[in-house]
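Visitor: Shown below is the structure under consideration.
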Amino acid sequence: MDRETFHNCCSLVKMPRQIHQQHCSSHFIEYIEREIPYSKFFKNYLIPNQPCMFSKKFTEDWNCRKKWLTADGKPNLQRLLQEFDETPVPVANCSAKEYNSNPKQIMPFKEFIQYWREYIQNGHSSPKGCLYLKDWHMHRNFPEHNTYKTPIYFSSDWLNEYWDTIEVDDYRFVYMGPKGSWTPFHADVFRSYSWSANICGRKKWLLYPPGQEEFLRDCHGNLAYDVTAPVLQDKGLYPQFEEACQPLEIIQEAGEIIFVPSGWHHQVYNLEDTISINHNWLNGCNLDIMWQFLQEELSSVQREIEEWRDTMDTWHQHCQVIMKSCTGIDYGEFASFLKTITNNRMSFLNSCPRNADNCQDHLAESLCALGPHHAAFDLQRVLHIFESMLSNEDFKRLDPSTLSFKPEELLQEIREAVRTIV
């Protein structure tokens, strides 16, 4: 990112930004045939929060597109079995419903492959139902495999940067599913972006822009499980369904990568035996959407247990605990997340190697490729969010001892760092 792009983007992304209700008719998905400058992706898709599809040219050099497939482009089940054998993997049953998702179990990889073979041989059916290997942290478990390389467009990835730093988790997944497997209607974790690359097979995506999901709730406020189900036609159960627009329906071919923006709810089908790689990610462009989401989640928890507010001295702390159990993060960890991102940008700006060849690790290489003005943009976005947090009453109620730093002092450090680069 150059200086001009930095200033333009800082003016485009303002606080506070809301996810307003959008109409499907104003949206379409653009197809990116060949490489474009990172700045163009940043300005045309990240900041305006618009979906797009990258051609198979962007994955043609990935090892998994060579090693995991047969000559006719199908999943090479034997090769996969040799690589992963007894590895425990999470497998969902698409034929069963548990709350608003599919129940999961852990099974050895070889057991899933055996099921998949039998499923194909039986005309894509099984008395066990339609099983779908999903949310498998293959990259974390087998980093040496060098299966794929994240395109630069998705490399400003704070979510995985933070969880890699604390060595607890990640949001990089492999999905393997037979024809007919699917994922129910949802939006991604923390309202993050996602990108999904088809290694083989085809997917159908139903995408709804932010706000449309409100028309897809039942009379109790619960989000629809399957937006194609006939029950949604029942006005008594889904009183606003007729107000929802038709979704963007997208067919993703083998090798293509789809970019799904923040807050876009979606439902996905595997039209063939399919393998895909998926990342959830966020950065300075959608950080405000995550912060808005966390505030809404906490408000929802507070409403649920409002009746105990006056009987518990630690009511506010309990709300944070419940929120973390539901969403995976609370205000304290969100602040730590921002501190980690800040530390990494400050360290990079202080050393600022001239090219990626001089970088010592993957994170430094990524920051170097994006450049110092991108790091300054990141810091400016963190600055805006911290300023909002410091005026938030629920954040003010946090026990200061739960934070390993003083937000006010960090704000001053960020201001000084940004001034030196702009």
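Chains: A, B, ... in order of the structure tokens. Residues: from 1 per chain. Ligands: from 1, in order shown.
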From a DSSP calculation on the backbone, collect every residue of region 158-365 of chain A in alpha helix (DSSP H) and output the set as an NGL selection string.
Guide: :A and (158-166 or 287-304 or 315-327 or 331-351 or 362-365)
Visitor: If we count only C-alpha atoms and set the cut-off at 9 Å, which residues sit around Tyr269 (chain A), ignoring sequence neighbours fewer than 3 positions away in its own chain? Please answer as a CSV table (one decimal) with N, CA and C atoms, in the first residue's frame.
Guide:
```csv
chain,number,residue,atom,x,y,z
A,179,LYS,N,-20.9,-35.4,-2.6
A,179,LYS,CA,-22.0,-34.8,-3.3
A,179,LYS,C,-23.3,-34.8,-2.4
A,180,GLY,N,-23.9,-33.7,-2.2
A,180,GLY,CA,-25.1,-33.6,-1.4
A,180,GLY,C,-24.9,-33.1,0.0
A,181,SER,N,-23.6,-33.0,0.4
A,181,SER,CA,-23.3,-32.4,1.7
A,181,SER,C,-23.5,-30.9,1.7
A,182,TRP,N,-23.8,-30.3,2.8
A,182,TRP,CA,-24.1,-28.9,2.8
A,182,TRP,C,-23.9,-28.2,4.2
A,183,THR,N,-23.9,-26.9,4.2
A,183,THR,CA,-23.7,-26.2,5.4
A,183,THR,C,-25.0,-25.3,5.6
A,184,PRO,N,-25.7,-25.3,6.8
A,184,PRO,CA,-26.9,-24.5,7.0
A,184,PRO,C,-26.6,-23.0,7.0
A,202,ARG,N,-17.5,-28.8,-7.1
A,202,ARG,CA,-18.3,-27.6,-7.3
A,202,ARG,C,-19.2,-27.3,-6.1
A,203,LYS,N,-19.4,-26.1,-5.8
A,203,LYS,CA,-20.3,-25.6,-4.8
A,203,LYS,C,-21.3,-24.7,-5.3
A,204,LYS,N,-22.5,-24.7,-4.7
A,204,LYS,CA,-23.5,-23.6,-4.9
A,204,LYS,C,-23.6,-22.8,-3.6
A,205,TRP,N,-23.5,-21.5,-3.8
A,205,TRP,CA,-23.6,-20.6,-2.6
A,205,TRP,C,-24.8,-19.8,-2.8
A,206,LEU,N,-25.6,-19.6,-1.7
A,206,LEU,CA,-26.7,-18.7,-1.5
A,206,LEU,C,-26.2,-17.6,-0.6
A,272,GLU,N,-20.9,-31.7,-6.1
A,272,GLU,CA,-20.1,-32.9,-6.5
A,272,GLU,C,-19.2,-33.3,-5.2
```
Visitor: Please provide the set of residues having any atom within 12 Å of Gly236 (chain A), restricted to only C-alpha atoms, with same-chain residues fewer than 6 positions apart removed, written as a ChimeraX atom specification.
Guide: /A:217-220,242
Visitor: Show me, as JSON lines, the residues of region 185-214 of chain A having an atom within 9 Å of region 39-59 of chain A, each with the closest atom pair and its distance in Å, using only C-alpha atoms.
Guide:
```
{"residue": "A:Tyr193", "atom": "CA", "partner": "A:Asn49", "partner_atom": "CA", "distance": 8.9}
{"residue": "A:Ala197", "atom": "CA", "partner": "A:Thr59", "partner_atom": "CA", "distance": 7.9}
{"residue": "A:Asn198", "atom": "CA", "partner": "A:Lys56", "partner_atom": "CA", "distance": 8.8}
{"residue": "A:Ile199", "atom": "CA", "partner": "A:Thr59", "partner_atom": "CA", "distance": 8.0}
{"residue": "A:Pro209", "atom": "CA", "partner": "A:Gln50", "partner_atom": "CA", "distance": 8.9}
```
Visitor: Residues near Glu83 (chain A), anyone? I mean within 12 Å using only C-alpha atoms, not counting same-chain ones fewer than 6 positions away, as a ChimeraX atom specification.
Guide: /A:64,67-68,76-77,109-110,113,138,142,144-145,147
